[in-house]
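Have a look at run_0.pdb; it's PDB, C-alpha atoms and all ligand atoms:
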MODEL        1
ATOM      1  CA  MET A  12      15.889  31.127 117.358
ATOM      2  CA  SER A  13      18.163  28.097 117.602
ATOM      3  CA  GLU A  14      19.093  26.151 114.462
ATOM      4  CA  ASP A  15      17.241  23.113 115.899
ATOM      5  CA  LYS A  16      13.998  25.036 116.287
ATOM      6  CA  LYS A  17      14.358  26.540 112.789
ATOM      7  CA  GLN A  18      14.822  23.048 111.365
ATOM      8  CA  LEU A  19      11.789  21.750 113.281
ATOM      9  CA  LEU A  20       9.615  24.614 112.017
ATOM     10  CA  LYS A  21      10.802  24.018 108.459
ATOM     11  CA  VAL A  22       9.788  20.338 108.637
ATOM     12  CA  TYR A  23       6.468  21.285 110.257
ATOM     13  CA  PHE A  24       5.532  23.707 107.439
ATOM     14  CA  GLU A  25       6.697  21.294 104.763
ATOM     15  CA  LYS A  26       4.387  18.621 106.185
ATOM     16  CA  ARG A  27       1.487  21.091 106.293
ATOM     17  CA  ARG A  28       2.041  22.055 102.667
ATOM     18  CA  GLU A  29       2.064  18.361 101.708
ATOM     19  CA  THR A  30      -1.349  17.894 103.348
ATOM     20  CA  GLY A  31      -2.729  20.928 101.550
ATOM     21  CA  GLU A  32      -2.771  23.298 104.527
ATOM     22  CA  SER A  33      -1.358  26.758 104.229
ATOM     23  CA  GLY A  34      -1.151  29.727 106.557
ATOM     24  CA  PHE A  35      -0.040  29.814 110.126
ATOM     25  CA  PHE A  36      -3.207  28.944 112.030
ATOM     26  CA  TYR A  37      -4.853  25.591 111.704
ATOM     27  CA  ASN A  38      -8.465  26.125 110.610
ATOM     28  CA  ARG A  39     -10.103  22.961 111.906
ATOM     29  CA  ARG A  40     -13.610  23.921 110.801
ATOM     30  CA  LYS A  41     -12.507  24.648 107.235
ATOM     31  CA  ASN A  42     -10.573  21.424 107.175
ATOM     32  CA  LEU A  43     -13.597  19.427 108.355
ATOM     33  CA  GLU A  44     -15.799  21.077 105.721
ATOM     34  CA  GLY A  45     -13.177  20.192 103.149
ATOM     35  CA  GLN A  46     -13.265  16.561 104.280
ATOM     36  CA  LYS A  47     -17.069  16.503 104.139
ATOM     37  CA  ASN A  48     -17.081  17.917 100.584
ATOM     38  CA  MET A  49     -14.400  15.453  99.650
ATOM     39  CA  LYS A  50     -16.479  12.563 100.975
ATOM     40  CA  LYS A  51     -19.559  13.723  99.052
ATOM     41  CA  SER A  52     -17.729  13.977  95.755
ATOM     42  CA  ASP A  53     -16.028  10.611  96.405
ATOM     43  CA  THR A  54     -19.441   8.975  96.818
ATOM     44  CA  VAL A  55     -20.735  10.620  93.655
ATOM     45  CA  THR A  56     -17.611   9.553  91.743
ATOM     46  CA  ALA A  57     -18.061   5.963  92.931
ATOM     47  CA  ALA A  58     -21.751   5.950  91.916
ATOM     48  CA  LEU A  59     -20.883   7.426  88.503
ATOM     49  CA  GLU A  60     -18.200   4.776  87.988
ATOM     50  CA  LYS A  61     -20.717   2.045  88.817
ATOM     51  CA  LEU A  62     -23.186   3.504  86.317
ATOM     52  CA  GLU A  63     -20.462   3.774  83.683
ATOM     53  CA  LYS A  64     -19.725   0.048  84.102
ATOM     54  CA  GLU A  65     -23.400  -0.654  83.394
ATOM     55  CA  VAL A  66     -23.232   1.466  80.242
ATOM     56  CA  LEU A  67     -20.080  -0.367  79.076
ATOM     57  CA  SER A  68     -22.064  -3.559  78.601
ATOM     58  CA  CYS A  69     -25.452  -1.982  77.818
ATOM     59  CA  LYS A  70     -27.515  -3.449  75.003
ATOM     60  CA  ARG A  71     -30.825  -1.799  75.885
ATOM     61  CA  CYS A  72     -31.111  -0.476  72.351
ATOM     62  CA  PRO A  73     -29.635  -1.538  68.989
ATOM     63  CA  LEU A  74     -26.897   1.129  69.174
ATOM     64  CA  GLY A  75     -25.205  -1.075  71.765
ATOM     65  CA  SER A  76     -24.448  -3.648  69.070
ATOM     66  CA  SER A  77     -22.951  -1.307  66.472
ATOM     67  CA  ARG A  78     -20.953   1.139  68.596
ATOM     68  CA  LEU A  79     -17.194   0.735  68.997
ATOM     69  CA  ASN A  80     -17.060   2.368  72.446
ATOM     70  CA  PRO A  81     -19.792   3.848  74.603
ATOM     71  CA  CYS A  82     -19.187   7.457  75.685
ATOM     72  CA  PHE A  83     -20.550   7.775  79.198
ATOM     73  CA  GLY A  84     -19.718  11.411  79.934
ATOM     74  CA  GLU A  85     -16.992  13.162  81.876
ATOM     75  CA  GLY A  86     -16.169  16.080  84.116
ATOM     76  CA  SER A  87     -16.535  17.161  87.694
ATOM     77  CA  PRO A  88     -18.818  15.118  90.017
ATOM     78  CA  SER A  89     -19.800  18.437  91.606
ATOM     79  CA  ALA A  90     -20.204  20.445  88.388
ATOM     80  CA  GLU A  91     -22.645  23.368  88.441
ATOM     81  CA  ILE A  92     -23.038  23.251  84.666
ATOM     82  CA  MET A  93     -23.936  20.097  82.736
ATOM     83  CA  PHE A  94     -23.726  20.191  78.925
ATOM     84  CA  VAL A  95     -25.774  17.635  77.049
ATOM     85  CA  GLY A  96     -25.133  16.879  73.373
ATOM     86  CA  GLU A  97     -27.057  14.499  71.130
ATOM     87  CA  GLY A  98     -24.769  11.514  70.783
ATOM     88  CA  PRO A  99     -21.208  10.420  70.070
ATOM     89  CA  GLY A 100     -19.844  10.918  66.540
ATOM     90  CA  TYR A 101     -17.030   9.136  64.691
ATOM     91  CA  THR A 102     -14.150  10.460  66.830
ATOM     92  CA  GLU A 103     -16.026   9.925  70.103
ATOM     93  CA  ASP A 104     -16.945   6.353  69.095
ATOM     94  CA  HIS A 105     -13.279   5.622  68.381
ATOM     95  CA  MET A 106     -12.013   7.221  71.586
ATOM     96  CA  GLY A 107     -14.821   6.375  74.012
ATOM     97  CA  ARG A 108     -15.013   9.995  75.154
ATOM     98  CA  VAL A 109     -17.644  12.676  74.639
ATOM     99  CA  PHE A 110     -17.005  15.816  72.576
ATOM    100  CA  VAL A 111     -13.410  15.167  71.537
ATOM    101  CA  GLY A 112     -13.787  15.857  67.786
ATOM    102  CA  ARG A 113     -14.017  19.253  66.034
ATOM    103  CA  ALA A 114     -17.267  20.202  67.774
ATOM    104  CA  GLY A 115     -15.675  19.237  71.085
ATOM    105  CA  LYS A 116     -12.736  21.556  70.476
ATOM    106  CA  LEU A 117     -15.186  24.424  69.921
ATOM    107  CA  LEU A 118     -17.092  23.458  73.081
ATOM    108  CA  ASP A 119     -13.773  23.606  74.979
ATOM    109  CA  LYS A 120     -13.269  27.144  73.649
ATOM    110  CA  ILE A 121     -16.762  28.198  74.783
ATOM    111  CA  ILE A 122     -16.073  26.746  78.241
ATOM    112  CA  SER A 123     -12.720  28.462  78.675
ATOM    113  CA  GLY A 124     -13.355  31.668  76.681
ATOM    114  CA  ALA A 125     -16.953  32.605  77.501
ATOM    115  CA  LEU A 126     -17.622  30.711  80.737
ATOM    116  CA  LYS A 127     -14.102  31.318  82.079
ATOM    117  CA  THR A 128     -13.797  27.831  83.488
ATOM    118  CA  GLU A 129     -12.295  24.498  82.439
ATOM    119  CA  ARG A 130     -13.630  21.352  80.856
ATOM    120  CA  SER A 131     -12.717  19.398  83.998
ATOM    121  CA  ARG A 132     -14.908  21.678  86.155
ATOM    122  CA  VAL A 133     -18.130  21.198  84.189
ATOM    123  CA  TYR A 134     -19.818  17.930  83.203
ATOM    124  CA  ILE A 135     -20.367  16.853  79.593
ATOM    125  CA  ALA A 136     -22.664  14.062  78.434
ATOM    126  CA  ASN A 137     -25.097  13.117  75.657
ATOM    127  CA  ILE A 138     -28.725  12.004  75.426
ATOM    128  CA  VAL A 139     -27.489   8.679  74.001
ATOM    129  CA  LYS A 140     -24.212   7.045  74.983
ATOM    130  CA  CYS A 141     -23.544   5.111  71.778
ATOM    131  CA  HIS A 142     -22.823   6.362  68.247
ATOM    132  CA  PRO A 143     -25.976   6.554  66.100
ATOM    133  CA  MET A 144     -24.920   5.602  62.546
ATOM    134  CA  LYS A 145     -26.758   5.819  59.206
ATOM    135  CA  ASP A 146     -25.002   2.601  58.218
ATOM    136  CA  PRO A 147     -24.446   0.666  61.459
ATOM    137  CA  SER A 148     -22.398  -1.992  59.654
ATOM    138  CA  ASP A 149     -19.514   0.442  59.041
ATOM    139  CA  PRO A 150     -18.260   2.427  62.041
ATOM    140  CA  GLU A 151     -15.127   3.292  60.011
ATOM    141  CA  LYS A 152     -17.096   5.307  57.466
ATOM    142  CA  ARG A 153     -16.898   9.105  57.759
ATOM    143  CA  GLY A 154     -20.095  11.159  57.505
ATOM    144  CA  ASN A 155     -22.007   8.220  58.932
ATOM    145  CA  ASP A 156     -23.540  10.132  61.873
ATOM    146  CA  ARG A 157     -27.262  10.637  62.375
ATOM    147  CA  PRO A 158     -29.416  11.962  65.222
ATOM    148  CA  PRO A 159     -30.687   9.294  67.640
ATOM    149  CA  SER A 160     -34.212   7.931  67.102
ATOM    150  CA  GLU A 161     -37.016   8.481  69.610
ATOM    151  CA  ASP A 162     -36.778   4.862  70.762
ATOM    152  CA  GLU A 163     -33.007   5.073  71.245
ATOM    153  CA  VAL A 164     -33.396   8.226  73.327
ATOM    154  CA  LYS A 165     -36.160   6.604  75.366
ATOM    155  CA  SER A 166     -33.917   3.615  76.136
ATOM    156  CA  CYS A 167     -30.888   5.694  77.073
ATOM    157  CA  ILE A 168     -32.313   8.735  78.878
ATOM    158  CA  PRO A 169     -32.514   7.001  82.306
ATOM    159  CA  TYR A 170     -28.688   7.017  82.377
ATOM    160  CA  LEU A 171     -28.558  10.784  81.830
ATOM    161  CA  LYS A 172     -31.210  11.310  84.484
ATOM    162  CA  GLN A 173     -29.158   9.285  86.965
ATOM    163  CA  GLN A 174     -26.045  11.295  86.084
ATOM    164  CA  ALA A 175     -27.964  14.533  86.719
ATOM    165  CA  GLU A 176     -29.417  13.207  89.999
ATOM    166  CA  LEU A 177     -25.919  12.358  91.248
ATOM    167  CA  ILE A 178     -24.140  15.510  90.083
ATOM    168  CA  LYS A 179     -27.046  17.877  90.828
ATOM    169  CA  PRO A 180     -25.971  20.675  88.474
ATOM    170  CA  LYS A 181     -27.542  24.113  88.833
ATOM    171  CA  VAL A 182     -27.863  24.486  85.093
ATOM    172  CA  ILE A 183     -28.315  21.939  82.304
ATOM    173  CA  VAL A 184     -27.310  23.197  78.862
ATOM    174  CA  PRO A 185     -28.804  21.121  76.037
ATOM    175  CA  LEU A 186     -26.692  21.545  72.889
ATOM    176  CA  GLY A 187     -28.815  21.530  69.744
ATOM    177  CA  SER A 188     -32.328  20.492  68.884
ATOM    178  CA  PRO A 189     -32.539  16.773  69.754
ATOM    179  CA  SER A 190     -31.119  17.409  73.210
ATOM    180  CA  ALA A 191     -33.212  20.534  73.896
ATOM    181  CA  LYS A 192     -36.416  18.826  72.741
ATOM    182  CA  THR A 193     -35.708  15.766  74.869
ATOM    183  CA  ILE A 194     -34.843  17.645  78.044
ATOM    184  CA  LEU A 195     -37.564  20.285  77.728
ATOM    185  CA  GLN A 196     -40.134  17.771  76.454
ATOM    186  CA  THR A 197     -41.236  19.979  73.590
ATOM    187  CA  ASP A 198     -41.346  20.036  69.791
ATOM    188  CA  GLU A 199     -40.350  23.687  69.601
ATOM    189  CA  ARG A 200     -37.318  24.546  67.438
ATOM    190  CA  ILE A 201     -33.974  25.406  69.051
ATOM    191  CA  THR A 202     -34.091  28.913  67.494
ATOM    192  CA  LYS A 203     -37.269  29.539  69.532
ATOM    193  CA  LEU A 204     -36.063  27.764  72.668
ATOM    194  CA  ARG A 205     -32.633  29.346  73.116
ATOM    195  CA  GLY A 206     -32.025  32.626  74.931
ATOM    196  CA  LYS A 207     -34.163  31.695  77.936
ATOM    197  CA  ALA A 208     -33.847  29.774  81.205
ATOM    198  CA  TYR A 209     -36.523  27.170  81.972
ATOM    199  CA  ASP A 210     -37.312  25.785  85.435
ATOM    200  CA  ARG A 211     -37.612  22.043  85.025
ATOM    201  CA  GLU A 212     -37.566  18.761  86.869
ATOM    202  CA  PHE A 213     -35.160  16.295  85.320
ATOM    203  CA  GLY A 214     -35.227  12.903  86.983
ATOM    204  CA  SER A 215     -35.708  13.829  90.619
ATOM    205  CA  ILE A 216     -33.828  17.139  90.532
ATOM    206  CA  LYS A 217     -35.032  20.682  89.992
ATOM    207  CA  VAL A 218     -32.774  22.499  87.586
ATOM    208  CA  LYS A 219     -32.546  25.504  85.262
ATOM    209  CA  VAL A 220     -32.344  24.532  81.606
ATOM    210  CA  VAL A 221     -30.628  26.909  79.167
ATOM    211  CA  PRO A 222     -30.610  25.434  75.659
ATOM    212  CA  THR A 223     -28.196  26.733  73.048
ATOM    213  CA  TYR A 224     -26.906  25.862  69.578
ATOM    214  CA  HIS A 225     -24.798  22.743  69.075
ATOM    215  CA  PRO A 226     -21.108  23.556  68.474
ATOM    216  CA  ALA A 227     -21.199  21.468  65.244
ATOM    217  CA  TYR A 228     -23.881  23.873  63.984
ATOM    218  CA  LEU A 229     -21.667  26.821  64.982
ATOM    219  CA  LEU A 230     -18.830  25.375  62.889
ATOM    220  CA  ARG A 231     -21.107  25.698  59.845
ATOM    221  CA  ASN A 232     -22.825  28.977  60.906
ATOM    222  CA  SER A 233     -20.274  31.131  62.672
ATOM    223  CA  SER A 234     -22.653  34.132  62.735
ATOM    224  CA  LYS A 235     -24.625  32.279  65.443
ATOM    225  CA  LYS A 236     -21.692  32.457  67.860
ATOM    226  CA  ALA A 237     -22.923  35.815  69.207
ATOM    227  CA  GLU A 238     -26.168  34.183  70.344
ATOM    228  CA  VAL A 239     -24.278  31.410  72.094
ATOM    229  CA  TYR A 240     -22.208  34.071  73.814
ATOM    230  CA  GLU A 241     -25.468  35.667  75.039
ATOM    231  CA  ASP A 242     -26.537  32.239  76.341
ATOM    232  CA  THR A 243     -23.281  31.815  78.246
ATOM    233  CA  LYS A 244     -23.923  35.146  79.999
ATOM    234  CA  LEU A 245     -27.367  33.874  80.990
ATOM    235  CA  ILE A 246     -25.807  30.645  82.325
ATOM    236  CA  LEU A 247     -23.299  32.619  84.418
ATOM    237  CA  SER A 248     -26.076  34.765  85.882
ATOM    238  CA  LEU A 249     -27.760  31.618  87.242
ATOM    239  CA  LEU A 250     -24.785  30.200  89.175
TER
HETATM  240 FE1  LIG A 301     -27.544   1.352  76.106
HETATM  241 FE2  LIG A 301     -27.768   3.945  75.619
HETATM  242 FE3  LIG A 301     -26.000   2.527  74.293
HETATM  243 FE4  LIG A 301     -28.567   2.218  73.774
HETATM  244  S1  LIG A 301     -27.368   4.077  73.436
HETATM  245  S2  LIG A 301     -27.079   0.580  74.079
HETATM  246  S3  LIG A 301     -29.461   2.482  75.808
HETATM  247  S4  LIG A 301     -25.999   2.907  76.492
HETATM  248  N1  LIG A 302     -21.697  15.749  69.103
HETATM  249  C1  LIG A 302     -22.453  15.406  70.159
HETATM  250  O1  LIG A 302     -23.627  15.713  70.230
HETATM  251  N2  LIG A 302     -21.857  14.730  71.147
HETATM  252  C2  LIG A 302     -20.579  14.386  71.131
HETATM  253  O2  LIG A 302     -20.123  13.769  72.072
HETATM  254  C3  LIG A 302     -19.808  14.754  70.012
HETATM  255  C4  LIG A 302     -20.389  15.439  69.008
ENDMDL
END
Could you render the structure as structure tokens?
Amino acid sequence: MSEDKKQLLKVYFEKRRETGESGFFYNRRKNLEGQKNMKKSDTVTAALEKLEKEVLSCKRCPLGSSRLNPCFGEGSPSAEIMFVGEGPGYTEDHMGRVFVGRAGKLLDKIISGALKTERSRVYIANIVKCHPMKDPSDPEKRGNDRPPSEDEVKSCIPYLKQQAELIKPKVIVPLGSPSAKTILQTDERITKLRGKAYDREFGSIKVKVVPTYHPAYLLRNSSKKAEVYEDTKLILSLL
């Protein structure tokens, strides 16, 4: 082969690598499917961003006036698994991101260790987007967290339903009692609820719900980790 041709081929393959194509043959069908998937997740991302803007200025409930930063939720717009906690705590309120404190670090470990995936490939949110505080006048106080009230959950839950309708996860994983009770619409305790998959409608989507213990509870009761590990196996079997 002449040096000219070799050079041309080199440039050709470099360009293909830059556009994400590999291999010798151009797979047009695969490429088109890729573009279609890309478009779908772009639309979902745009809709999620619009919803997040709404949450940024939301005052539907009193938490909107005491929070430092709302924590909308984060992760993949095409996630198969959606974790739902109860509400932002001190660290989340300061950073404007869900599950970034000690409980969040443990959740990250469950995602990578037991579910063998990454935080960026699942979706993580809460039943309320703003920090519920015992003393709402002092967001700087430690140990000031409390579970959200029924009214606060009622005001905020439409946001979570819209997130679920856009992302369409296969499995929703409520973390802890307030989240499990809200999503499963029951008063049953988390100890009774966990270990099973429930077929539910959430917003307009049909989804499997697999409740498990909250990672903050696991930090205080490490013997319960084995049960959470069982729950992660159940989650994986549903994907
Ligand atoms: Fe709005 Fe939810 Fe925040 Fe209440 S908790 S102000 S409903 S975003
Ligand atoms: N606990 C929760 O329930 N949610 C968070 O985002 C952080 C801690």
If we count all atoms listed in the file and set the cut-off at 7 Å, which residues sit around segment 124-133 of chain A, ignoring sequence neighbours fewer than 5 positions away in its own chain? Please answer as a short mmCIF file (atom, residue, chain, number, x, y, z; two decimals) with C-alpha atoms, in the coordinates of the input.
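Output file part-v8.cif follows:
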data_model
loop_
_atom_site.label_atom_id
_atom_site.label_comp_id
_atom_site.auth_asym_id
_atom_site.auth_seq_id
_atom_site.Cartn_x
_atom_site.Cartn_y
_atom_site.Cartn_z
CA GLY A 86 -16.17 16.08 84.12
CA SER A 87 -16.54 17.16 87.69
CA ALA A 90 -20.20 20.44 88.39
CA GLU A 91 -22.64 23.37 88.44
CA ILE A 92 -23.04 23.25 84.67
CA MET A 93 -23.94 20.10 82.74
CA ASP A 119 -13.77 23.61 74.98
CA TYR A 240 -22.21 34.07 73.81
CA THR A 243 -23.28 31.82 78.25
#
(message) So the first atom is atom S1 of ligand LIG 301 (chain A) and the second is atom CA of Lys235 of chain A; what is the distance between them in Å, to one decimal place?
(response)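 Here the two named atoms are 29.4 Å from each other.
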(message) 7 Å from ligand LIG 302 (chain A) is the threshold here; counting only C-alpha atoms and all ligand atoms, which polymer residues fall inside it? Answer as a VMD selection string.
(response) chain A and resid 96 to 100 103 109 to 112 114 to 115 136 to 137 227
(request) Identify, counting all atoms listed in the file, the protein, DNA and RNA residues located within 12 Å of ligand LIG 301 (chain A), and give them as a VMD selection string. (result) chain A and resid 62 to 84 97 to 99 104 107 136 to 144 158 to 171
(request) Considering all atoms listed in the file, state which residue in the set A:Thr54, A:Thr223, A:Ser233, A:Ser248 is at the smallest distance from Gly187 of chain A. (result)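 Nearest candidate to Gly187 of chain A out of A:Thr54, A:Thr223, A:Ser233, A:Ser248: A:Thr223.
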Which centre and edge lengths in Å to one decimal define the box along x, y and z that fits every listed atom of segment 223-240 of chain A plus 5 Å per side, as AutoDock Vina command-line options?
--center_x -23.5 --center_y 28.6 --center_z 66.8 --size_x 19.4 --size_y 24.3 --size_z 24.0
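With all atoms listed in the file as the basis for measurement, A:His225 is the residue among A:Lys152, A:Lys207, A:Lys172, A:His225 that approaches Arg113 of chain A most closely.
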(message) Please compute the atom CA of Arg205 of chain A-atom CA of Gln174 of chain A distance, one decimal, in Å.
(response) 23.2 Å
(request) For Ser89 of chain A, list every protein, DNA or RNA residue within 9 Å, evaluated using only C-alpha atoms, and leave out those in the same chain fewer than 6 positions away; present the list as a list in words. (result)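 Near neighbours after the sequence-gap exclusion: Lys51, Ser52, Val55, Arg132, Val133, Tyr134, Leu177, Ile178, Lys179 and Pro180 of chain A.
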(message) Let me make sure I understand: among A:Lys116, A:Lys181, A:Arg200, A:His105, which one has the smallest atom-to-atom distance to Glu212 of chain A if we use all atoms listed in the file?
(response)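 Comparing A:Lys116, A:Lys181, A:Arg200, A:His105 against Glu212 of chain A, the winner is A:Lys181.
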(request) Name every residue that the PyMOL selection byres (((chain A and resi 191) around 10) and not hetatm) selects in this structure, writing the answer as a PyMOL selection string with chains first and numbers rising. (result) chain A and resi 95-97+138+183-190+192-201+204-205+220-225
(message) Measuring between all atoms listed in the file, which one of A:Ala57, A:Met106, A:Val239, A:Leu19 shows the shortest distance to Leu118 of chain A?
(response) A:Val239
(message) Please compute the atom CA of Asp242 of chain A-atom CA of Gly206 of chain A distance, one decimal, in Å.
(response) 5.7 Å
